[in-house]
file input_10.txt (compact mmCIF, C-alpha atoms (C1' of nucleotides))
# COMPACT_ATOMS: atom_id res chain seq x y z
CA MET A 35 52.12 97.32 48.75
CA SER A 36 49.58 94.53 48.58
CA SER A 37 50.17 91.32 46.66
CA GLU A 38 53.81 91.73 46.07
CA SER A 39 56.81 89.54 46.62
CA PRO A 40 60.08 90.78 48.09
CA THR A 41 61.52 91.00 44.60
CA GLY A 42 59.02 93.64 43.65
CA LYS A 43 57.33 91.50 41.03
CA VAL A 44 53.62 90.91 41.27
CA SER A 45 53.01 87.54 42.80
CA ALA A 46 50.52 85.08 41.36
CA ARG A 47 50.60 82.73 44.31
CA SER A 48 47.52 82.15 46.41
CA LYS A 49 45.36 84.34 44.23
CA ARG A 50 42.42 83.38 42.19
CA ALA A 51 42.64 83.65 38.43
CA ASP A 52 39.84 86.19 38.20
CA ALA A 53 41.48 88.34 40.84
CA LEU A 54 44.69 88.34 38.85
CA ARG A 55 42.85 89.23 35.68
CA ASN A 56 41.12 92.10 37.37
CA GLN A 57 44.33 93.42 38.84
CA GLN A 58 45.96 93.48 35.42
CA ALA A 59 42.89 95.03 33.85
CA LEU A 60 42.91 97.71 36.52
CA LEU A 61 46.56 98.52 35.98
CA ALA A 62 46.02 98.83 32.25
CA ALA A 63 42.88 100.90 32.66
CA ALA A 64 44.50 103.16 35.24
CA ALA A 65 47.48 103.77 32.97
CA GLU A 66 45.17 104.82 30.17
CA VAL A 67 42.98 106.98 32.36
CA PHE A 68 45.98 108.64 34.00
CA VAL A 69 47.23 109.71 30.61
CA ALA A 70 43.82 110.96 29.57
CA SER A 71 42.63 112.59 32.78
CA GLY A 72 45.56 112.78 35.15
CA VAL A 73 46.34 110.78 38.25
CA ASP A 74 43.46 112.29 40.17
CA ALA A 75 40.85 110.95 37.81
CA PRO A 76 37.70 109.67 39.52
CA ILE A 77 37.95 106.15 40.86
CA ARG A 78 34.71 105.26 39.14
CA GLN A 79 36.18 106.19 35.79
CA ILE A 80 39.06 103.79 36.22
CA ALA A 81 36.77 101.05 37.47
CA ALA A 82 34.43 101.54 34.53
CA ARG A 83 37.28 101.46 32.03
CA ALA A 84 38.48 98.20 33.53
CA GLY A 85 34.95 96.84 33.55
CA VAL A 86 34.85 96.23 37.28
CA GLY A 87 32.97 97.64 40.23
CA THR A 88 34.33 100.26 42.56
CA GLY A 89 34.63 97.76 45.36
CA THR A 90 37.06 95.71 43.29
CA ILE A 91 39.42 98.58 42.80
CA TYR A 92 39.60 99.16 46.53
CA ARG A 93 40.28 95.50 47.17
CA HIS A 94 43.33 95.48 44.94
CA PHE A 95 44.54 98.99 45.66
CA PRO A 96 43.35 100.20 49.05
CA THR A 97 44.60 103.72 48.43
CA ARG A 98 45.04 105.73 45.30
CA ALA A 99 48.73 105.87 46.02
CA ASP A 100 48.91 102.10 45.78
CA LEU A 101 47.41 102.24 42.32
CA ILE A 102 49.68 105.04 41.15
CA THR A 103 52.83 103.41 42.44
CA ALA A 104 51.81 100.11 40.89
CA VAL A 105 51.29 101.78 37.53
CA TYR A 106 54.56 103.67 37.62
CA ARG A 107 56.66 101.21 39.60
CA HIS A 108 58.82 100.30 36.62
CA GLN A 109 59.64 103.88 35.80
CA ILE A 110 60.37 104.79 39.39
CA GLU A 111 62.64 101.80 39.62
CA GLU A 112 64.44 102.77 36.44
CA CYS A 113 64.97 106.25 37.77
CA ALA A 114 66.33 104.94 41.04
CA GLU A 115 68.71 102.60 39.28
CA ALA A 116 69.92 105.29 36.92
CA GLY A 117 71.46 107.23 39.80
CA PRO A 118 74.39 104.95 40.60
CA GLU A 119 74.89 104.24 36.91
CA LEU A 120 75.23 107.90 36.05
CA LEU A 121 77.57 108.34 38.95
CA ALA A 122 79.76 105.50 37.74
CA GLY A 123 79.80 106.77 34.17
CA THR A 124 81.36 110.16 34.79
CA ASP A 125 84.09 111.79 36.81
CA SER A 126 81.84 114.71 37.70
CA PRO A 127 79.31 113.68 40.32
CA PHE A 128 77.54 116.99 39.87
CA ALA A 129 77.07 116.30 36.16
CA ALA A 130 75.56 112.98 37.16
CA LEU A 131 73.25 114.75 39.59
CA ARG A 132 72.11 117.11 36.86
CA GLN A 133 71.37 114.24 34.50
CA TRP A 134 69.57 112.31 37.17
CA ILE A 135 67.39 115.25 38.07
CA ASP A 136 66.61 115.60 34.38
CA LEU A 137 65.32 112.05 34.37
CA PHE A 138 63.29 112.66 37.47
CA VAL A 139 61.78 115.84 36.07
CA ASP A 140 60.95 114.13 32.79
CA PHE A 141 59.12 111.48 34.71
CA LEU A 142 57.13 113.98 36.73
CA VAL A 143 56.12 116.37 33.99
CA THR A 144 55.02 113.72 31.53
CA LYS A 145 52.36 112.45 33.94
CA HIS A 146 49.46 114.83 34.30
CA GLY A 147 49.29 116.04 37.83
CA LEU A 148 51.71 113.50 39.27
CA ALA A 149 53.78 116.26 40.80
CA ASP A 150 50.66 117.84 42.24
CA ALA A 151 49.52 114.58 43.75
CA MET A 152 52.91 113.84 45.19
CA GLN A 153 52.97 117.02 47.21
CA SER A 154 49.32 117.01 48.16
CA ASP A 155 48.75 116.19 51.79
CA SER A 156 45.26 114.82 51.31
CA SER A 157 44.74 111.37 52.71
CA GLY A 158 45.12 109.14 49.68
CA PHE A 159 48.27 110.81 48.43
CA ALA A 160 50.37 110.83 51.56
CA ALA A 161 51.56 107.30 50.89
CA LEU A 162 52.56 108.26 47.37
CA HIS A 163 54.85 110.92 48.71
CA GLY A 164 56.30 108.34 51.05
CA TYR A 165 56.94 105.80 48.35
CA PHE A 166 58.77 108.20 46.11
CA LEU A 167 60.86 109.34 49.00
CA ASP A 168 61.74 105.86 50.19
CA ARG A 169 62.95 104.86 46.79
CA LEU A 170 64.50 107.99 45.39
CA LEU A 171 65.74 109.93 48.39
CA PRO A 172 68.75 107.68 49.01
CA VAL A 173 69.73 107.98 45.37
CA CYS A 174 69.54 111.74 45.51
CA ALA A 175 71.47 111.79 48.75
CA GLN A 176 74.22 109.67 47.22
CA LEU A 177 74.58 111.96 44.23
CA LEU A 178 74.52 115.01 46.44
CA ASP A 179 77.13 113.64 48.81
CA ALA A 180 79.40 112.67 45.96
CA SER A 181 79.10 116.14 44.47
CA VAL A 182 79.96 117.73 47.77
CA ALA A 183 82.88 115.36 48.27
CA ALA A 184 84.16 116.28 44.82
CA GLY A 185 84.03 119.92 45.82
CA GLU A 186 81.61 120.76 43.04
CA ILE A 187 78.82 122.18 45.16
CA ARG A 188 78.26 123.70 48.57
CA ALA A 189 77.60 121.39 51.47
CA ASP A 190 74.55 122.79 53.20
CA THR A 191 71.76 121.25 51.15
CA ARG A 192 69.51 118.56 52.52
CA PRO A 193 68.47 115.86 50.07
CA TYR A 194 64.90 115.85 51.26
CA GLU A 195 64.55 119.54 50.70
CA LEU A 196 66.06 119.33 47.26
CA MET A 197 63.83 116.49 46.13
CA ARG A 198 60.78 118.09 47.56
CA GLY A 199 61.62 121.41 46.00
CA ILE A 200 62.12 119.85 42.60
CA GLY A 201 58.83 118.04 42.95
CA ASN A 202 57.18 121.30 43.85
CA LEU A 203 58.71 123.13 40.93
CA CYS A 204 57.29 120.52 38.59
CA ILE A 205 53.74 121.33 39.60
CA GLY A 206 51.80 122.88 36.79
CA GLY A 207 54.29 121.88 34.13
CA GLY A 208 51.54 121.90 31.52
CA ASP A 209 51.52 125.68 31.38
CA PRO A 210 53.43 126.72 28.24
CA GLN A 211 54.48 129.90 30.04
CA TYR A 212 56.07 127.91 32.81
CA ASP A 213 58.98 125.59 32.25
CA PRO A 214 60.08 123.98 35.51
CA ARG A 215 63.40 122.98 33.97
CA ARG A 216 64.61 126.53 33.72
CA LEU A 217 64.10 127.11 37.41
CA ILE A 218 65.63 123.80 38.32
CA GLU A 219 68.67 124.81 36.32
CA LEU A 220 68.75 127.97 38.37
CA LEU A 221 68.52 125.95 41.56
CA LEU A 222 71.41 123.77 40.50
CA ASP A 223 73.44 126.81 39.56
CA GLY A 224 72.73 128.07 43.04
CA LEU A 225 74.26 124.91 44.45
CA GLN A 226 77.49 125.88 42.75
CA HIS A 227 77.38 129.31 44.32
CA PRO A 228 80.38 129.67 46.68
CA ARG A 229 78.72 130.04 50.06
CA PRO A 230 75.42 131.02 51.61
CA ALA A 231 75.00 134.64 52.62
CA MET B 156 35.43 141.23 41.83
CA SER B 157 31.84 142.02 42.65
CA SER B 158 30.82 145.13 44.54
CA GLU B 159 34.00 147.02 44.16
CA SER B 160 34.81 150.51 43.00
CA PRO B 161 37.71 151.38 40.73
CA THR B 162 39.70 152.47 43.76
CA GLY B 163 39.65 148.98 45.18
CA LYS B 164 37.65 149.96 48.22
CA VAL B 165 34.44 148.15 48.95
CA SER B 166 31.56 150.25 47.79
CA ALA B 167 28.49 150.81 49.92
CA ARG B 168 26.43 152.41 47.21
CA SER B 169 23.35 150.74 45.80
CA LYS B 170 23.50 147.93 48.30
CA ARG B 171 21.10 147.04 50.99
CA ALA B 172 22.25 147.36 54.58
CA ASP B 173 21.74 143.67 55.33
CA ALA B 174 23.77 142.74 52.28
CA LEU B 175 26.62 144.92 53.50
CA ARG B 176 26.43 143.40 56.96
CA ASN B 177 26.55 139.91 55.56
CA GLN B 178 29.50 140.70 53.35
CA GLN B 179 31.46 142.00 56.30
CA ALA B 180 30.42 139.06 58.46
CA LEU B 181 31.55 136.70 55.73
CA LEU B 182 34.92 138.36 55.39
CA ALA B 183 35.49 138.16 59.13
CA ALA B 184 34.30 134.57 59.33
CA ALA B 185 36.40 133.53 56.36
CA ALA B 186 39.50 135.11 57.84
CA GLU B 187 38.98 133.14 61.04
CA VAL B 188 38.21 129.88 59.30
CA PHE B 189 41.16 130.27 56.92
CA VAL B 190 43.47 130.52 59.91
CA ALA B 191 41.88 127.53 61.60
CA SER B 192 41.33 125.23 58.66
CA GLY B 193 43.17 126.64 55.69
CA VAL B 194 41.89 128.40 52.61
CA ASP B 195 40.23 125.26 51.31
CA ALA B 196 37.91 124.94 54.26
CA PRO B 197 34.37 123.83 53.36
CA ILE B 198 32.10 126.61 52.20
CA ARG B 199 29.45 125.49 54.65
CA GLN B 200 31.84 126.00 57.53
CA ILE B 201 32.45 129.60 56.58
CA ALA B 202 28.78 130.23 56.02
CA ALA B 203 27.91 128.71 59.39
CA ARG B 204 30.54 130.77 61.18
CA ALA B 205 29.13 133.91 59.61
CA GLY B 206 25.61 132.82 60.47
CA VAL B 207 24.38 132.86 56.88
CA GLY B 208 23.21 130.30 54.35
CA THR B 209 25.40 128.84 51.65
CA GLY B 210 23.50 130.71 48.98
CA THR B 211 24.49 134.00 50.55
CA ILE B 212 28.16 133.25 50.34
CA TYR B 213 27.88 132.53 46.63
CA ARG B 214 26.00 135.74 46.05
CA HIS B 215 28.77 137.85 47.53
CA PHE B 216 31.71 135.77 46.40
CA PRO B 217 30.86 133.74 43.31
CA THR B 218 34.12 131.82 43.47
CA ARG B 219 36.33 130.86 46.34
CA ALA B 220 39.07 132.93 44.81
CA ASP B 221 36.91 136.02 45.17
CA LEU B 222 36.58 135.34 48.86
CA ILE B 223 40.26 134.66 49.36
CA THR B 224 41.38 137.74 47.50
CA ALA B 225 38.87 139.85 49.39
CA VAL B 226 40.18 138.54 52.71
CA TYR B 227 43.82 139.08 51.81
CA ARG B 228 43.46 142.13 49.60
CA HIS B 229 45.15 144.42 52.09
CA GLN B 230 48.16 142.21 52.50
CA ILE B 231 48.53 141.63 48.79
CA GLU B 232 48.33 145.35 48.29
CA GLU B 233 50.97 145.98 50.93
CA CYS B 234 53.25 143.47 49.29
CA ALA B 235 52.77 145.07 45.90
CA GLU B 236 53.50 148.52 47.27
CA ALA B 237 56.57 147.36 49.12
CA GLY B 238 58.32 146.57 45.85
CA PRO B 239 58.96 150.09 44.60
CA GLU B 240 59.68 151.27 48.15
CA LEU B 241 62.39 148.68 48.65
CA LEU B 242 63.83 149.55 45.29
CA ALA B 243 63.97 153.21 46.20
CA GLY B 244 65.55 152.53 49.58
CA THR B 245 68.70 150.81 48.40
CA ASP B 246 71.32 151.07 45.72
CA SER B 247 71.27 147.32 45.14
CA PRO B 248 68.15 146.34 43.20
CA PHE B 249 68.97 142.72 43.78
CA ALA B 250 68.97 143.23 47.54
CA ALA B 251 65.56 144.82 47.13
CA LEU B 252 64.40 141.82 45.13
CA ARG B 253 65.58 139.48 47.88
CA GLN B 254 63.73 141.44 50.52
CA TRP B 255 60.61 141.64 48.47
CA ILE B 256 60.60 137.91 47.83
CA ASP B 257 61.00 137.46 51.58
CA LEU B 258 57.82 139.44 52.12
CA PHE B 259 56.02 137.44 49.50
CA VAL B 260 57.15 134.15 50.96
CA ASP B 261 56.16 135.24 54.46
CA PHE B 262 52.73 136.03 53.18
CA LEU B 263 52.34 132.66 51.46
CA VAL B 264 53.63 130.40 54.19
CA THR B 265 51.71 132.02 57.04
CA LYS B 266 48.39 131.17 55.35
CA HIS B 267 47.58 127.52 55.49
CA GLY B 268 47.49 126.12 52.02
CA LEU B 269 47.44 129.46 50.25
CA ALA B 270 50.38 128.47 48.11
CA ASP B 271 48.71 125.17 47.29
CA ALA B 272 45.51 126.88 46.32
CA MET B 273 47.28 129.45 44.22
CA GLN B 274 48.88 126.85 42.01
CA SER B 275 45.94 124.50 41.87
CA ASP B 276 44.25 124.47 38.51
CA SER B 277 40.87 123.40 39.84
CA SER B 278 38.02 125.62 38.83
CA GLY B 279 37.58 127.86 41.83
CA PHE B 280 41.24 128.64 42.26
CA ALA B 281 42.19 129.64 38.76
CA ALA B 282 41.02 133.20 39.36
CA LEU B 283 43.12 133.39 42.50
CA HIS B 284 46.23 132.65 40.51
CA GLY B 285 45.21 135.35 38.10
CA TYR B 286 44.67 137.96 40.75
CA PHE B 287 48.01 137.43 42.39
CA LEU B 288 49.69 137.60 39.04
CA ASP B 289 47.93 140.75 37.92
CA ARG B 290 48.95 142.59 41.03
CA LEU B 291 52.38 141.21 41.84
CA LEU B 292 53.86 140.22 38.52
CA PRO B 293 54.60 143.80 37.43
CA VAL B 294 56.30 144.45 40.75
CA CYS B 295 58.45 141.40 40.38
CA ALA B 296 59.27 142.31 36.80
CA GLN B 297 60.35 145.78 37.86
CA LEU B 298 62.67 144.45 40.53
CA LEU B 299 64.05 141.86 38.17
CA ASP B 300 64.68 144.36 35.40
CA ALA B 301 66.39 146.75 37.76
CA SER B 302 68.64 143.97 39.03
CA VAL B 303 69.57 143.01 35.50
CA ALA B 304 70.19 146.62 34.57
CA ALA B 305 72.48 146.96 37.58
CA GLY B 306 74.41 143.96 36.36
CA GLU B 307 73.70 142.02 39.53
CA ILE B 308 72.01 139.02 37.96
CA ARG B 309 71.81 137.22 34.67
CA ALA B 310 69.25 138.38 32.14
CA ASP B 311 67.44 135.29 31.01
CA THR B 312 64.83 134.91 33.73
CA ARG B 313 61.17 135.52 33.07
CA PRO B 314 59.23 137.17 35.89
CA TYR B 315 56.27 134.87 35.50
CA GLU B 316 58.41 131.80 35.86
CA LEU B 317 60.16 133.18 38.90
CA MET B 318 56.95 134.11 40.69
CA ARG B 319 55.33 130.85 39.85
CA GLY B 320 58.36 128.90 40.94
CA ILE B 321 58.52 130.69 44.25
CA GLY B 322 54.84 130.06 44.77
CA ASN B 323 55.41 126.40 44.00
CA LEU B 324 58.33 126.14 46.37
CA CYS B 325 56.14 127.49 49.16
CA ILE B 326 53.76 124.57 48.87
CA GLY B 327 53.86 122.35 51.91
CA GLY B 328 55.66 124.91 54.04
CA GLY B 329 54.17 123.38 57.16
CA ASP B 330 56.52 120.41 57.02
CA PRO B 331 59.30 121.00 59.59
CA GLN B 332 61.65 119.04 57.35
CA TYR B 333 61.05 121.38 54.47
CA ASP B 334 61.93 125.04 54.57
CA PRO B 335 61.04 126.74 51.29
CA ARG B 336 63.25 129.70 52.15
CA ARG B 337 66.44 127.71 51.87
CA LEU B 338 65.61 126.65 48.34
CA ILE B 339 64.49 130.10 47.36
CA GLU B 340 67.86 131.36 48.58
CA LEU B 341 69.44 128.78 46.32
CA LEU B 342 67.33 129.97 43.43
CA LEU B 343 68.39 133.55 43.99
CA ASP B 344 72.00 132.51 44.24
CA GLY B 345 71.50 130.81 40.92
CA LEU B 346 70.40 134.12 39.44
CA GLN B 347 73.81 135.50 40.32
CA HIS B 348 75.52 132.65 38.55
CA PRO B 349 77.47 134.06 35.58
CA ARG B 350 75.72 132.52 32.60
CA PRO B 351 73.56 129.57 31.68
CA ALA B 352 75.32 126.49 30.38
C1' DT C 196 1.44 151.73 55.58
C1' DA C 197 1.90 149.23 51.34
C1' DC C 198 4.71 147.75 47.74
C1' DT C 199 8.65 146.09 45.16
C1' DA C 200 13.29 145.13 44.25
C1' DT C 201 16.65 142.91 46.62
C1' DC C 202 18.42 139.51 49.32
C1' DC C 203 18.38 135.41 52.33
C1' DG C 204 18.27 130.59 53.82
C1' DG C 205 18.69 126.11 53.14
C1' DA C 206 16.72 122.37 50.51
C1' DA C 207 18.08 119.98 46.53
C1' DC C 208 21.12 118.19 43.07
C1' DA C 209 25.57 116.51 41.36
C1' DT C 210 30.09 114.52 42.13
C1' DC C 211 33.34 111.92 44.48
C1' DG C 212 35.61 108.88 47.91
C1' DT C 213 34.73 105.00 50.63
C1' DT C 214 32.34 101.14 52.92
C1' DC C 215 29.49 97.21 53.08
C1' DC C 216 27.11 93.05 52.04
C1' DG C 217 24.45 89.69 49.25
C1' DC C 218 25.56 87.13 45.29
C1' DT C 219 28.88 84.84 42.05
C1' DT C 220 32.93 82.49 40.77
C1' DT C 221 36.79 79.63 41.55
C1' DG C 222 39.44 75.98 43.11
C1' DT C 223 39.39 71.79 45.62
C1' DC C 224 38.30 67.49 47.57
C1' DA C 225 35.68 63.44 47.93
C1' DT D 144 32.00 64.89 38.29
C1' DG D 145 29.58 67.39 41.66
C1' DA D 146 29.08 69.71 45.89
C1' DC D 147 31.08 73.15 48.97
C1' DA D 148 33.63 76.72 51.25
C1' DA D 149 36.54 80.42 50.55
C1' DA D 150 37.65 84.23 47.84
C1' DG D 151 36.20 87.74 45.14
C1' DC D 152 32.87 90.78 42.78
C1' DG D 153 29.54 94.50 41.85
C1' DG D 154 27.18 98.25 42.85
C1' DA D 155 24.01 100.19 46.17
C1' DA D 156 24.47 103.19 49.94
C1' DC D 157 26.52 106.67 52.93
C1' DG D 158 28.87 110.95 53.96
C1' DA D 159 31.22 115.02 52.55
C1' DT D 160 31.49 118.79 49.49
C1' DG D 161 30.55 122.26 45.75
C1' DT D 162 26.90 124.57 43.45
C1' DT D 163 22.25 125.96 42.01
C1' DC D 164 17.65 127.40 42.74
C1' DC D 165 13.52 129.41 44.49
C1' DG D 166 9.88 130.46 47.99
C1' DG D 167 9.82 133.53 51.53
C1' DA D 168 11.64 137.48 54.32
C1' DT D 169 13.28 142.17 54.42
C1' DA D 170 14.90 146.84 53.53
C1' DG D 171 14.08 150.95 51.40
C1' DT D 172 10.62 153.89 49.29
C1' DA D 173 6.38 156.15 47.83

call {"tool": "encode", "arguments": {"input": "input_10.txt", "output": "structure tokens"}}
result
Amino acid sequence: MSSESPTGKVSARSKRADALRNQQALLAAAAEVFVASGVDAPIRQIAARAGVGTGTIYRHFPTRADLITAVYRHQIEECAEAGPELLAGTDSPFAALRQWIDLFVDFLVTKHGLADAMQSDSSGFAALHGYFLDRLLPVCAQLLDASVAAGEIRADTRPYELMRGIGNLCIGGGDPQYDPRRLIELLLDGLQHPRPA
Amino acid sequence: MSSESPTGKVSARSKRADALRNQQALLAAAAEVFVASGVDAPIRQIAARAGVGTGTIYRHFPTRADLITAVYRHQIEECAEAGPELLAGTDSPFAALRQWIDLFVDFLVTKHGLADAMQSDSSGFAALHGYFLDRLLPVCAQLLDASVAAGEIRADTRPYELMRGIGNLCIGGGDPQYDPRRLIELLLDGLQHPRPA
DNA sequence: TACTATCCGGAACATCGTTCCGCTTTGTCA
DNA sequence: TGACAAAGCGGAACGATGTTCCGGATAGTA
């Protein structure tokens, strides 16, 4: 991601003050607009809300994914860090996996269209998919492995598929007739099912 | 849908010959383009392939969903009719449900982006979602009810949620790392799980 | 053959993502 | 402090796409 130190914190070095201001304004504006109109809101709308031109937004965040990840970086990080903590806090790795997936689902469904965007293969969103995967896939894999090792679930599930499937199930979570969590429960129950046919 | 009799067959009555020709040409062109470029191919591309103007396509198929459902009507119909047949051909309703879902999944994943389009809430696609639901939801409900009645699965699953979830899981089926069928198996195994926590 | 209802084609408009470049601002150095 | 160059900014401009609209062509009929 642009303008970022290895620690993950936004760096102020070698940047002009106005550029910094604009970057912050854009993050704030994007957060507001995402809540109001979803993560696929028009670029112009975000730029207008921040009081900058469209060119400026592209300078700071070359792709929409960059902007989205910057806005939600903290929450993604929290989710990633929660994995090992949950695992350490219980003697049932599978219970930890369930709780972690709950956190992940909460994150996805509370952002309008985030799940949609994450699975979309259109140009600007591909990187978003990648970022989520880079950060969260290892966590999921760890929880999954631990659950298998504890003999709580079957062993033939690939972390990538599980994460992707959960992301997919979260699409359209706004529909009152459709609660992704119920199906995800079903999926997890399936993991406990003795063996594949 | 425009220009359609109660039997579901395309009606030739009270239509000019050139209009009929164009409608057929559009259906054929759309089918080809859908295979080549997915169901969200540009309207202009379909119109060009059919050798007509863009206005013509909107006259015959006011929304993209109308065009998609017209192109795939036969296959949707076949899928809907297969439900009761499968149910009649076995003494395990749940086995019939599995087979039927297999058919449904086959249908979704062999059409580029059909699953994506079906779940999208953008204007043109909303009707597509509706059409699928109208036709297939009762079939799914019947299979589900029969399975519950036979004591093969738990009773707390809503047909709409199941269909929608399966549709969601089929999104992005082109990825070689992601096989929706494995997760759908998991989901179905979950249905067999004794009782919800 | 003449006439009209129907239909057609594609220009035109709106929206959106993205690029580009002349102008402005900032930080620095003498 | 007062240039000056580098960095950054704004928004016009371009291309793609969906959608509407209407003058002109055409099929069916009298």

call {"tool": "closest_atom_pairs", "arguments": {"input": "input_10.txt", "of": "chain A", "to": "chain D", "cutoff": "12 Å", "atoms": "only C-alpha atoms (C1' of nucleotides)", "output": "tab-separated table"}}
result
residue	atom	partner	partner_atom	distance
A:Ser48	CA	D:DA150	C1'	10.2
A:Lys49	CA	D:DA150	C1'	8.5
A:Arg50	CA	D:DA150	C1'	7.4
A:Ala51	CA	D:DG151	C1'	10.2
A:Asp52	CA	D:DG151	C1'	8.0
A:Ala53	CA	D:DG151	C1'	6.8
A:Leu54	CA	D:DG151	C1'	10.6
A:Arg55	CA	D:DG151	C1'	11.7
A:Asn56	CA	D:DC152	C1'	10.0
A:Gln57	CA	D:DG151	C1'	11.7
A:Arg78	CA	D:DG154	C1'	10.9
A:Ala81	CA	D:DG153	C1'	10.7
A:Ala82	CA	D:DG153	C1'	11.3
A:Gly85	CA	D:DG153	C1'	10.2
A:Val86	CA	D:DG153	C1'	7.2
A:Gly87	CA	D:DG153	C1'	4.9
A:Thr88	CA	D:DG154	C1'	7.4
A:Gly89	CA	D:DG153	C1'	7.0
A:Thr90	CA	D:DC152	C1'	6.5
A:Ile91	CA	D:DC152	C1'	10.2
A:Tyr92	CA	D:DC152	C1'	11.4
A:Arg93	CA	D:DG151	C1'	9.0
A:His94	CA	D:DG151	C1'	10.5

call {"tool": "atom_distance", "arguments": {"input": "input_10.txt", "atom1": "CA of Ala184 (chain B)", "atom2": "CA of Ile201 (chain B)"}}
result
6.0 Å

call {"tool": "closest_residue", "arguments": {"input": "input_10.txt", "among": "B:Gln297, B:Gln254, B:Thr218, B:Ser275", "to": "chain A", "atoms": "all atoms listed in the file"}}
result
B:Ser275

call {"tool": "closest_atom_pairs", "arguments": {"input": "input_10.txt", "of": "chain C", "to": "chain A", "cutoff": "12 Å", "atoms": "all atoms listed in the file", "output": "Markdown table"}}
result
| residue | atom | partner | partner_atom | distance |
| --- | --- | --- | --- | --- |
| C:DT210 | C1' | A:Pro76 | CA | 9.4 |
| C:DC211 | C1' | A:Pro76 | CA | 7.0 |
| C:DG212 | C1' | A:Ile77 | CA | 7.9 |
| C:DT213 | C1' | A:Tyr92 | CA | 8.6 |
| C:DT214 | C1' | A:Gly89 | CA | 8.6 |
| C:DC215 | C1' | A:Gly89 | CA | 9.3 |
| C:DC216 | C1' | A:Gly89 | CA | 11.1 |
| C:DT219 | C1' | A:Asp52 | CA | 11.7 |
| C:DT220 | C1' | A:Asp52 | CA | 8.2 |
| C:DT221 | C1' | A:Arg50 | CA | 6.8 |
| C:DG222 | C1' | A:Arg50 | CA | 8.0 |

call {"tool": "interface_residues", "arguments": {"input": "input_10.txt", "of": "chain A", "to": "chain B", "cutoff": "9 Å", "atoms": "all atoms listed in the file", "output": "MDAnalysis selection string"}}
result
chainID A and resid 150 153:155 191 194:196 198:206 211:214 216:227 230:231

call {"tool": "atom_distance", "arguments": {"input": "input_10.txt", "atom1": "CA of Gly329 (chain B)", "atom2": "CA of Phe280 (chain B)"}}
result
20.4 Å

call {"tool": "residues_around", "arguments": {"input": "input_10.txt", "residues": "Phe189 (chain B)", "least_positions_apart": "5", "cutoff": "12 Å", "atoms": "all atoms listed in the file", "output": "ChimeraX atom specification"}}
result
/B:181-184,194-198,200-201,204,219,222-223,226-227,265-269,272

call {"tool": "atom_distance", "arguments": {"input": "input_10.txt", "atom1": "CA of Ala99 (chain A)", "atom2": "CA of Leu162 (chain A)"}}
result
4.7 Å

call {"tool": "residues_around", "arguments": {"input": "input_10.txt", "residues": "Glu232 (chain B)", "least_positions_apart": "6", "cutoff": "12 Å", "atoms": "only C-alpha atoms (C1' of nucleotides)", "output": "list of chain:residue names"}}
result
B:Gly163, B:Lys164, B:Thr224, B:Ala225, B:Val226, B:Gly238, B:Leu258, B:Phe259, B:Phe262, B:Tyr286, B:Phe287, B:Asp289, B:Arg290, B:Leu291, B:Val294

call {"tool": "build_atoms", "arguments": {"input": "input_10.txt", "residues": "region 169-179 of chain B", "atoms": "N, CA and C atoms", "output": "PDB file, in the frame of the given file"}}
result
ATOM      1  N   SER B 169      24.292 151.621  46.480  1.00  0.00           N
ATOM      2  CA  SER B 169      23.350 150.740  45.800  1.00  0.00           C
ATOM      3  C   SER B 169      23.374 149.328  46.350  1.00  0.00           C
ATOM      4  N   LYS B 170      23.567 149.248  47.663  1.00  0.00           N
ATOM      5  CA  LYS B 170      23.500 147.930  48.300  1.00  0.00           C
ATOM      6  C   LYS B 170      22.664 148.021  49.557  1.00  0.00           C
ATOM      7  N   ARG B 171      21.928 147.048  49.795  1.00  0.00           N
ATOM      8  CA  ARG B 171      21.100 147.040  50.990  1.00  0.00           C
ATOM      9  C   ARG B 171      21.968 146.862  52.225  1.00  0.00           C
ATOM     10  N   ALA B 172      21.470 147.394  53.343  1.00  0.00           N
ATOM     11  CA  ALA B 172      22.250 147.360  54.580  1.00  0.00           C
ATOM     12  C   ALA B 172      22.534 145.923  55.006  1.00  0.00           C
ATOM     13  N   ASP B 173      21.534 145.054  54.887  1.00  0.00           N
ATOM     14  CA  ASP B 173      21.740 143.670  55.330  1.00  0.00           C
ATOM     15  C   ASP B 173      22.783 142.975  54.455  1.00  0.00           C
ATOM     16  N   ALA B 174      22.789 143.332  53.183  1.00  0.00           N
ATOM     17  CA  ALA B 174      23.770 142.740  52.280  1.00  0.00           C
ATOM     18  C   ALA B 174      25.175 143.146  52.703  1.00  0.00           C
ATOM     19  N   LEU B 175      25.326 144.404  53.039  1.00  0.00           N
ATOM     20  CA  LEU B 175      26.620 144.920  53.500  1.00  0.00           C
ATOM     21  C   LEU B 175      27.063 144.197  54.765  1.00  0.00           C
ATOM     22  N   ARG B 176      26.129 144.097  55.699  1.00  0.00           N
ATOM     23  CA  ARG B 176      26.430 143.400  56.960  1.00  0.00           C
ATOM     24  C   ARG B 176      26.911 141.993  56.689  1.00  0.00           C
ATOM     25  N   ASN B 177      26.172 141.298  55.858  1.00  0.00           N
ATOM     26  CA  ASN B 177      26.550 139.910  55.560  1.00  0.00           C
ATOM     27  C   ASN B 177      27.915 139.824  54.911  1.00  0.00           C
ATOM     28  N   GLN B 178      28.205 140.740  54.023  1.00  0.00           N
ATOM     29  CA  GLN B 178      29.500 140.700  53.350  1.00  0.00           C
ATOM     30  C   GLN B 178      30.630 140.870  54.363  1.00  0.00           C
ATOM     31  N   GLN B 179      30.439 141.800  55.279  1.00  0.00           N
ATOM     32  CA  GLN B 179      31.460 142.000  56.300  1.00  0.00           C
ATOM     33  C   GLN B 179      31.574 140.774  57.206  1.00  0.00           C
TER      34      GLN B 179
END
